[in-house]
>>> print(open('structure.pdb').read())   # PDB, C-alpha atoms, pLDDT in the B column
ATOM      1  CA  MET A   1     -98.067  14.437  28.423  1.00 45.00           C
ATOM      2  CA  PHE A   2     -98.707  11.212  26.477  1.00 43.00           C
ATOM      3  CA  VAL A   3     -97.166  12.775  23.360  1.00 41.00           C
ATOM      4  CA  ILE A   4     -94.114  13.917  25.315  1.00 39.00           C
ATOM      5  CA  ILE A   5     -93.593  10.534  27.005  1.00 39.00           C
ATOM      6  CA  LEU A   6     -93.764   8.676  23.688  1.00 41.00           C
ATOM      7  CA  SER A   7     -91.213  10.966  22.073  1.00 40.00           C
ATOM      8  CA  MET A   8     -88.811  10.545  24.998  1.00 39.00           C
ATOM      9  CA  GLN A   9     -89.061   6.774  25.448  1.00 39.00           C
ATOM     10  CA  TYR A  10     -89.276   5.399  21.911  1.00 39.00           C
ATOM     11  CA  ASN A  11     -87.088   5.666  18.856  1.00 40.00           C
ATOM     12  CA  LEU A  12     -89.628   7.268  16.548  1.00 41.00           C
ATOM     13  CA  SER A  13     -89.092   8.346  12.962  1.00 41.00           C
ATOM     14  CA  PRO A  14     -87.203  11.663  12.449  1.00 40.00           C
ATOM     15  CA  CYS A  15     -90.316  13.512  11.276  1.00 42.00           C
ATOM     16  CA  CYS A  16     -92.218  12.435  14.385  1.00 44.00           C
ATOM     17  CA  ASN A  17     -89.337  13.432  16.654  1.00 46.00           C
ATOM     18  CA  GLU A  18     -89.310  16.884  15.095  1.00 46.00           C
ATOM     19  CA  LEU A  19     -93.055  17.152  15.586  1.00 45.00           C
ATOM     20  CA  PHE A  20     -92.855  16.108  19.230  1.00 45.00           C
ATOM     21  CA  SER A  21     -89.940  18.492  19.861  1.00 49.00           C
ATOM     22  CA  PHE A  22     -92.106  21.309  18.544  1.00 46.00           C
ATOM     23  CA  LEU A  23     -95.020  20.239  20.740  1.00 45.00           C
ATOM     24  CA  ARG A  24     -92.776  20.060  23.793  1.00 51.00           C
ATOM     25  CA  MET A  25     -91.461  23.545  23.117  1.00 47.00           C
ATOM     26  CA  LEU A  26     -94.991  24.901  22.878  1.00 45.00           C
ATOM     27  CA  SER A  27     -96.196  23.080  25.976  1.00 46.00           C
ATOM     28  CA  HIS A  28     -93.374  24.431  28.134  1.00 48.00           C
ATOM     29  CA  ALA A  29     -94.368  28.021  27.361  1.00 46.00           C
ATOM     30  CA  ALA A  30     -98.086  27.429  27.085  1.00 45.00           C
ATOM     31  CA  THR A  31    -100.938  28.957  28.978  1.00 47.00           C
ATOM     32  CA  ASP A  32    -103.625  26.558  30.176  1.00 50.00           C
ATOM     33  CA  ARG A  33    -105.703  27.107  27.044  1.00 52.00           C
ATOM     34  CA  LEU A  34    -102.762  26.673  24.713  1.00 47.00           C
ATOM     35  CA  PHE A  35    -101.670  23.542  26.581  1.00 47.00           C
ATOM     36  CA  LEU A  36    -105.121  22.080  26.074  1.00 45.00           C
ATOM     37  CA  PHE A  37    -104.929  22.878  22.364  1.00 50.00           C
ATOM     38  CA  VAL A  38    -101.465  21.311  22.065  1.00 42.00           C
ATOM     39  CA  THR A  39    -102.643  18.186  23.877  1.00 46.00           C
ATOM     40  CA  LEU A  40    -105.643  17.810  21.578  1.00 47.00           C
ATOM     41  CA  LEU A  41    -103.481  18.391  18.511  1.00 48.00           C
ATOM     42  CA  GLY A  42    -101.032  15.735  19.671  1.00 51.00           C
ATOM     43  CA  THR A  43    -103.894  13.300  20.258  1.00 44.00           C
ATOM     44  CA  PHE A  44    -105.213  13.820  16.733  1.00 45.00           C
ATOM     45  CA  LEU A  45    -101.761  13.352  15.241  1.00 43.00           C
ATOM     46  CA  LEU A  46    -101.237  10.143  17.201  1.00 45.00           C
ATOM     47  CA  ALA A  47    -104.628   8.894  16.065  1.00 45.00           C
ATOM     48  CA  ASP A  48    -103.533   9.654  12.506  1.00 44.00           C
ATOM     49  CA  ALA A  49    -100.393   7.604  12.976  1.00 43.00           C
ATOM     50  CA  PHE A  50    -102.153   4.623  14.561  1.00 42.00           C
ATOM     51  CA  GLU A  51    -105.047   4.478  12.095  1.00 42.00           C
ATOM     52  CA  PRO A  52    -103.915   2.741   8.873  1.00 43.00           C
ATOM     53  CA  SER A  53    -105.997   5.014   6.644  1.00 42.00           C
ATOM     54  CA  GLY A  54    -104.961   8.143   8.552  1.00 45.00           C
ATOM     55  CA  PHE A  55    -107.058  10.332  10.813  1.00 42.00           C
ATOM     56  CA  PHE A  56    -106.842  13.138   8.254  1.00 43.00           C
ATOM     57  CA  GLY A  57    -106.966  10.779   5.292  1.00 45.00           C
ATOM     58  CA  VAL A  58    -103.181  10.710   4.938  1.00 43.00           C
ATOM     59  CA  LYS A  59    -101.193   7.630   5.874  1.00 43.00           C
ATOM     60  CA  MET A  60     -98.120   8.419   7.959  1.00 41.00           C
ATOM     61  CA  ASN A  61     -94.842   6.506   7.907  1.00 45.00           C
ATOM     62  CA  SER A  62     -95.525   2.935   9.067  1.00 44.00           C
ATOM     63  CA  SER A  63     -92.185   2.928  10.924  1.00 44.00           C
ATOM     64  CA  PHE A  64     -93.896   5.074  13.554  1.00 43.00           C
ATOM     65  CA  THR A  65     -96.039   2.193  14.813  1.00 42.00           C
ATOM     66  CA  LYS A  66     -93.356  -0.435  14.330  1.00 43.00           C
ATOM     67  CA  ASN A  67     -91.025   1.396  16.725  1.00 44.00           C
ATOM     68  CA  ILE A  68     -93.603   1.450  19.530  1.00 43.00           C
ATOM     69  CA  HIS A  69     -93.811  -1.593  21.797  1.00 47.00           C
ATOM     70  CA  PRO A  70     -96.981  -3.645  21.102  1.00 43.00           C
ATOM     71  CA  LEU A  71     -98.227  -3.195  24.660  1.00 46.00           C
ATOM     72  CA  VAL A  72     -98.652   0.545  23.975  1.00 48.00           C
ATOM     73  CA  MET A  73    -101.227  -0.233  21.312  1.00 61.00           C
ATOM     74  CA  GLY A  74    -104.133  -2.640  21.338  1.00 89.00           C
ATOM     75  CA  MET A  75    -102.828  -5.809  19.738  1.00 97.00           C
ATOM     76  CA  LYS A  76    -104.933  -7.382  17.001  1.00 98.00           C
ATOM     77  CA  ILE A  77    -104.620 -10.911  15.671  1.00 98.00           C
ATOM     78  CA  LYS A  78    -106.547 -12.081  12.624  1.00 98.00           C
ATOM     79  CA  ILE A  79    -107.083 -15.712  11.683  1.00 97.00           C
ATOM     80  CA  ARG A  80    -107.825 -16.082   7.986  1.00 97.00           C
ATOM     81  CA  MET A  81    -109.496 -19.333   6.950  1.00 94.00           C
ATOM     82  CA  VAL A  82    -111.178 -20.898   3.953  1.00 91.00           C
ATOM     83  CA  GLY A  83    -114.533 -22.360   4.927  1.00 86.00           C
ATOM     84  CA  ARG A  84    -117.941 -21.530   6.381  1.00 82.00           C
ATOM     85  CA  LYS A  85    -118.403 -19.779   9.719  1.00 80.00           C
ATOM     86  CA  ASN A  86    -121.152 -22.171  10.762  1.00 75.00           C
ATOM     87  CA  GLY A  87    -119.555 -25.231   9.197  1.00 68.00           C
ATOM     88  CA  GLY A  88    -117.968 -26.623  12.356  1.00 72.00           C
ATOM     89  CA  GLU A  89    -119.205 -28.276  15.503  1.00 86.00           C
ATOM     90  CA  LYS A  90    -120.705 -26.129  18.265  1.00 90.00           C
ATOM     91  CA  TRP A  91    -118.285 -27.297  20.973  1.00 94.00           C
ATOM     92  CA  LEU A  92    -115.342 -26.123  18.890  1.00 93.00           C
ATOM     93  CA  GLU A  93    -116.955 -22.725  18.370  1.00 93.00           C
ATOM     94  CA  ASP A  94    -117.688 -22.461  22.101  1.00 95.00           C
ATOM     95  CA  ALA A  95    -114.082 -23.293  22.991  1.00 96.00           C
ATOM     96  CA  TYR A  96    -112.758 -20.772  20.483  1.00 96.00           C
ATOM     97  CA  THR A  97    -115.064 -18.071  21.850  1.00 96.00           C
ATOM     98  CA  MET A  98    -114.009 -18.807  25.429  1.00 98.00           C
ATOM     99  CA  TYR A  99    -110.291 -18.332  24.723  1.00 98.00           C
ATOM    100  CA  LYS A 100    -110.952 -15.339  22.471  1.00 97.00           C
ATOM    101  CA  THR A 101    -112.782 -13.690  25.377  1.00 97.00           C
ATOM    102  CA  ARG A 102    -110.112 -14.604  27.935  1.00 97.00           C
ATOM    103  CA  VAL A 103    -107.231 -13.189  25.899  1.00 97.00           C
ATOM    104  CA  ARG A 104    -108.851  -9.746  25.794  1.00 96.00           C
ATOM    105  CA  THR A 105    -107.637  -9.237  29.364  1.00 94.00           C
ATOM    106  CA  SER A 106    -104.119  -9.162  27.872  1.00 95.00           C
ATOM    107  CA  ASN A 107    -105.019  -6.361  25.439  1.00 96.00           C
ATOM    108  CA  ILE A 108    -105.232  -8.807  22.528  1.00 97.00           C
ATOM    109  CA  GLU A 109    -108.220  -8.934  20.194  1.00 97.00           C
ATOM    110  CA  VAL A 110    -108.601 -12.079  18.077  1.00 98.00           C
ATOM    111  CA  GLU A 111    -110.804 -12.080  14.979  1.00 97.00           C
ATOM    112  CA  THR A 112    -111.563 -14.857  12.506  1.00 96.00           C
ATOM    113  CA  ILE A 113    -112.108 -13.882   8.879  1.00 96.00           C
ATOM    114  CA  TRP A 114    -113.785 -16.551   6.787  1.00 95.00           C
ATOM    115  CA  HIS A 115    -113.157 -16.782   3.030  1.00 94.00           C
ATOM    116  CA  LYS A 116    -115.299 -18.588   0.492  1.00 91.00           C
ATOM    117  CA  ASN A 117    -112.413 -19.709  -1.702  1.00 92.00           C
ATOM    118  CA  ASP A 118    -108.668 -19.510  -2.324  1.00 92.00           C
ATOM    119  CA  ASN A 119    -108.920 -16.342  -4.418  1.00 94.00           C
ATOM    120  CA  GLU A 120    -110.522 -14.472  -1.517  1.00 95.00           C
ATOM    121  CA  ILE A 121    -107.922 -15.548   1.029  1.00 95.00           C
ATOM    122  CA  ILE A 122    -105.098 -14.707  -1.395  1.00 95.00           C
ATOM    123  CA  ARG A 123    -106.410 -11.161  -1.785  1.00 95.00           C
ATOM    124  CA  GLY A 124    -106.810 -10.811   1.975  1.00 96.00           C
ATOM    125  CA  VAL A 125    -103.263 -11.958   2.710  1.00 95.00           C
ATOM    126  CA  GLU A 126    -101.842  -9.697   0.001  1.00 94.00           C
ATOM    127  CA  GLN A 127    -103.565  -6.753   1.691  1.00 95.00           C
ATOM    128  CA  ASP A 128    -102.062  -7.741   5.055  1.00 96.00           C
ATOM    129  CA  VAL A 129     -98.587  -7.921   3.541  1.00 93.00           C
ATOM    130  CA  SER A 130     -98.987  -4.529   1.845  1.00 93.00           C
ATOM    131  CA  LYS A 131     -99.902  -2.985   5.231  1.00 94.00           C
ATOM    132  CA  GLY A 132     -96.785  -4.369   6.857  1.00 94.00           C
ATOM    133  CA  HIS A 133     -98.623  -6.808   9.130  1.00 95.00           C
ATOM    134  CA  SER A 134     -96.790  -9.943  10.234  1.00 95.00           C
ATOM    135  CA  VAL A 135     -98.147 -13.020   8.449  1.00 96.00           C
ATOM    136  CA  VAL A 136     -97.766 -16.557   9.785  1.00 96.00           C
ATOM    137  CA  LEU A 137     -98.720 -19.507   7.600  1.00 95.00           C
ATOM    138  CA  LEU A 138     -99.872 -22.704   9.298  1.00 94.00           C
ATOM    139  CA  ASP A 139     -98.221 -25.298   7.133  1.00 89.00           C
ATOM    140  CA  PRO A 140     -96.655 -28.779   7.562  1.00 86.00           C
ATOM    141  CA  ARG A 141     -93.371 -27.298   6.315  1.00 85.00           C
ATOM    142  CA  GLY A 142     -93.285 -25.026   9.354  1.00 89.00           C
ATOM    143  CA  LYS A 143     -91.384 -25.610  12.571  1.00 91.00           C
ATOM    144  CA  MET A 144     -93.140 -26.965  15.634  1.00 95.00           C
ATOM    145  CA  LYS A 145     -92.524 -24.971  18.799  1.00 96.00           C
ATOM    146  CA  SER A 146     -92.944 -25.358  22.526  1.00 96.00           C
ATOM    147  CA  SER A 147     -95.475 -23.039  24.158  1.00 97.00           C
ATOM    148  CA  GLU A 148     -92.598 -20.970  25.584  1.00 97.00           C
ATOM    149  CA  GLN A 149     -91.027 -20.602  22.137  1.00 97.00           C
ATOM    150  CA  PHE A 150     -94.402 -19.742  20.628  1.00 97.00           C
ATOM    151  CA  CYS A 151     -94.896 -17.040  23.283  1.00 97.00           C
ATOM    152  CA  GLU A 152     -91.576 -15.438  22.418  1.00 97.00           C
ATOM    153  CA  ASP A 153     -92.283 -15.596  18.676  1.00 96.00           C
ATOM    154  CA  LEU A 154     -95.861 -14.349  19.064  1.00 97.00           C
ATOM    155  CA  TYR A 155     -94.826 -11.113  20.727  1.00 97.00           C
ATOM    156  CA  GLY A 156     -91.917 -10.779  18.314  1.00 96.00           C
ATOM    157  CA  TRP A 157     -94.288 -11.063  15.356  1.00 96.00           C
ATOM    158  CA  LEU A 158     -96.632  -8.515  16.919  1.00 96.00           C
ATOM    159  CA  ASN A 159     -93.740  -6.131  17.417  1.00 95.00           C
ATOM    160  CA  GLN A 160     -92.566  -6.544  13.824  1.00 93.00           C
ATOM    161  CA  GLY A 161     -96.068  -6.054  12.438  1.00 95.00           C
ATOM    162  CA  GLY A 162     -96.922  -2.897  14.366  1.00 95.00           C
ATOM    163  CA  SER A 163     -99.161  -4.821  16.810  1.00 96.00           C
ATOM    164  CA  ARG A 164    -100.897  -6.531  13.884  1.00 97.00           C
ATOM    165  CA  LEU A 165    -100.531 -10.262  13.244  1.00 97.00           C
ATOM    166  CA  VAL A 166    -102.260 -12.608  10.811  1.00 97.00           C
ATOM    167  CA  PHE A 167    -102.421 -16.408  10.972  1.00 97.00           C
ATOM    168  CA  VAL A 168    -103.461 -18.129   7.742  1.00 96.00           C
ATOM    169  CA  LEU A 169    -105.151 -21.550   7.687  1.00 92.00           C
ATOM    170  CA  GLY A 170    -105.974 -23.259   4.425  1.00 83.00           C
ATOM    171  CA  GLY A 171    -108.987 -25.374   3.611  1.00 78.00           C
ATOM    172  CA  ALA A 172    -109.163 -29.130   3.013  1.00 76.00           C
ATOM    173  CA  ASP A 173    -106.507 -28.875   0.291  1.00 79.00           C
ATOM    174  CA  GLY A 174    -104.157 -26.735   2.356  1.00 83.00           C
ATOM    175  CA  LEU A 175    -102.798 -23.313   1.460  1.00 89.00           C
ATOM    176  CA  PRO A 176    -102.854 -22.220  -2.192  1.00 90.00           C
ATOM    177  CA  PRO A 177     -99.454 -21.976  -3.953  1.00 89.00           C
ATOM    178  CA  GLU A 178     -99.739 -18.177  -4.207  1.00 89.00           C
ATOM    179  CA  ILE A 179     -99.758 -17.910  -0.426  1.00 91.00           C
ATOM    180  CA  LYS A 180     -97.105 -20.571   0.112  1.00 85.00           C
ATOM    181  CA  SER A 181     -94.749 -18.560  -2.083  1.00 83.00           C
ATOM    182  CA  LEU A 182     -94.949 -15.702   0.430  1.00 76.00           C
ATOM    183  CA  SER A 183     -92.912 -17.733   2.918  1.00 61.00           C
ATOM    184  CA  ARG A 184     -89.756 -16.949   0.978  1.00 63.00           C
ATOM    185  CA  ARG A 185     -90.026 -13.185   1.460  1.00 64.00           C
ATOM    186  CA  SER A 186     -92.717 -11.813   3.737  1.00 70.00           C
ATOM    187  CA  SER A 187     -94.169 -14.442   6.050  1.00 81.00           C
ATOM    188  CA  PHE A 188     -93.323 -17.075   8.656  1.00 91.00           C
ATOM    189  CA  LEU A 189     -94.134 -20.788   8.755  1.00 91.00           C
ATOM    190  CA  LEU A 190     -95.608 -22.588  11.750  1.00 94.00           C
ATOM    191  CA  SER A 191     -96.718 -26.188  12.284  1.00 94.00           C
ATOM    192  CA  LEU A 192     -99.060 -27.043  15.146  1.00 94.00           C
ATOM    193  CA  SER A 193     -98.492 -30.787  14.865  1.00 92.00           C
ATOM    194  CA  THR A 194     -97.396 -33.581  12.561  1.00 90.00           C
ATOM    195  CA  MET A 195    -100.933 -34.898  12.962  1.00 91.00           C
ATOM    196  CA  THR A 196    -103.756 -33.768  10.692  1.00 87.00           C
ATOM    197  CA  PHE A 197    -106.483 -31.586  12.219  1.00 89.00           C
ATOM    198  CA  THR A 198    -109.651 -30.166  10.721  1.00 88.00           C
ATOM    199  CA  HIS A 199    -109.151 -26.443  10.179  1.00 86.00           C
ATOM    200  CA  GLN A 200    -111.869 -25.652  12.767  1.00 90.00           C
ATOM    201  CA  PHE A 201    -110.038 -27.764  15.346  1.00 93.00           C
ATOM    202  CA  ALA A 202    -106.695 -26.208  14.373  1.00 94.00           C
ATOM    203  CA  ARG A 203    -108.192 -22.759  14.942  1.00 95.00           C
ATOM    204  CA  THR A 204    -109.262 -23.750  18.465  1.00 96.00           C
ATOM    205  CA  VAL A 205    -105.798 -25.138  19.262  1.00 97.00           C
ATOM    206  CA  LEU A 206    -104.238 -21.944  17.893  1.00 98.00           C
ATOM    207  CA  VAL A 207    -106.364 -19.535  19.927  1.00 98.00           C
ATOM    208  CA  GLU A 208    -105.713 -21.571  23.105  1.00 98.00           C
ATOM    209  CA  GLN A 209    -101.987 -21.277  22.465  1.00 98.00           C
ATOM    210  CA  ILE A 210    -102.367 -17.519  21.901  1.00 98.00           C
ATOM    211  CA  TYR A 211    -104.115 -17.273  25.261  1.00 98.00           C
ATOM    212  CA  ARG A 212    -101.480 -19.515  26.873  1.00 98.00           C
ATOM    213  CA  ALA A 213     -98.725 -17.299  25.449  1.00 98.00           C
ATOM    214  CA  SER A 214    -100.370 -14.229  26.980  1.00 97.00           C
ATOM    215  CA  GLU A 215    -100.459 -15.951  30.362  1.00 97.00           C
ATOM    216  CA  ILE A 216     -96.815 -17.029  30.054  1.00 97.00           C
ATOM    217  CA  LYS A 217     -95.992 -13.393  29.337  1.00 96.00           C
ATOM    218  CA  LYS A 218     -97.843 -12.364  32.503  1.00 94.00           C
ATOM    219  CA  GLY A 219     -96.206 -15.103  34.572  1.00 94.00           C
ATOM    220  CA  SER A 220     -99.571 -16.450  35.730  1.00 93.00           C
ATOM    221  CA  GLY A 221    -100.194 -19.980  36.962  1.00 90.00           C
ATOM    222  CA  TYR A 222    -102.157 -21.043  33.846  1.00 94.00           C
ATOM    223  CA  HIS A 223     -99.087 -22.522  32.167  1.00 90.00           C
ATOM    224  CA  LYS A 224     -97.392 -25.150  34.319  1.00 80.00           C
TER     225      LYS A 224
END
>>> encode(input="structure.pdb", output="structure tokens")
Amino acid sequence: MFVIILSMQYNLSPCCNELFSFLRMLSHAATDRLFLFVTLLGTFLLADAFEPSGFFGVKMNSSFTKNIHPLVMGMKIKIRMVGRKNGGEKWLEDAYTMYKTRVRTSNIEVETIWHKNDNEIIRGVEQDVSKGHSVVLLDPRGKMKSSEQFCEDLYGWLNQGGSRLVFVLGGADGLPPEIKSLSRRSSFLLSLSTMTFTHQFARTVLVEQIYRASEIKKGSGYHK
């Protein structure tokens, strides 16, 4: 049934529509055993589409996931940073962890990936771009937004990136030129403030705003 509902409600790629039409045809005429087989087959094929490396080792058309609303899939947000995981103050880490835990109730998983140097973060961002994930650079050149505007953009970025979004924070010297050049073709720019924050503090502010955006989306009383 899940396979059938997806094919009816979303504008999937032509190859997927043909596949689902075939599965629907089989399911209508199926015995109980055949229906079970068709359901399992559809589940495996969906798993193949959602898994970047492919369930069967073959990557399907990325347009499949991009045409499905983010709420259908578990949304994943990565924060890439240059620095040391244990290099900040404990209260900042505790605050980050608190909001990271809270936002899980909105089907959003936040992960921080620490990089030792600029070369590592460049390679990581290039991989994100190649996978079609949305990439947002935290940079003074970016536009500052209200929490309501950030909420709208956040879910827009998730939708564009197939439920995958990456925020990139530079080290003490900011973002390397190789990453800044991405803003002209495959990334977005965002500024949290005209003030200067440590990157650990900026990460905490960012994850709180991600959580706030999820609550705005729900219409809860957190954002007033």
>>> resolve_selection(input="structure.pdb", expression="the PyMOL selection byres ((chain A and resi 125-137) around 10)", output="MDAnalysis selection string")
chainID A and resid 52 62:63 66 77:80 120:124 138:142 154 156:170 175 178:180 182:183 186:191
>>> atom_distance(input="structure.pdb", atom1="atom CA of Asn107 of chain A", atom2="atom CA of Lys224 of chain A")
22.1 Å
>>> resolve_selection(input="structure.pdb", expression="the PyMOL selection byres ((chain A and resi 222) around 12)", output="ChimeraX atom specification")
/A:102,147,208-209,211-221,223-224
>>> atom_distance(input="structure.pdb", atom1="atom CA of Leu92 of chain A", atom2="atom CA of Met75 of chain A")
23.9 Å
>>> atom_distance(input="structure.pdb", atom1="atom CA of His115 of chain A", atom2="atom CA of Gln200 of chain A")
13.2 Å
>>> closest_residue(input="structure.pdb", among="A:Asp118, A:Met98, A:Gly74, A:Ile113", to="Pro176 of chain A", atoms="only C-alpha atoms")
A:Asp118
>>> closest_residue(input="structure.pdb", among="A:Glu89, A:Tyr96, A:Gly171, A:Lys76", to="Glu109 of chain A", atoms="all atoms listed in the file")
A:Lys76
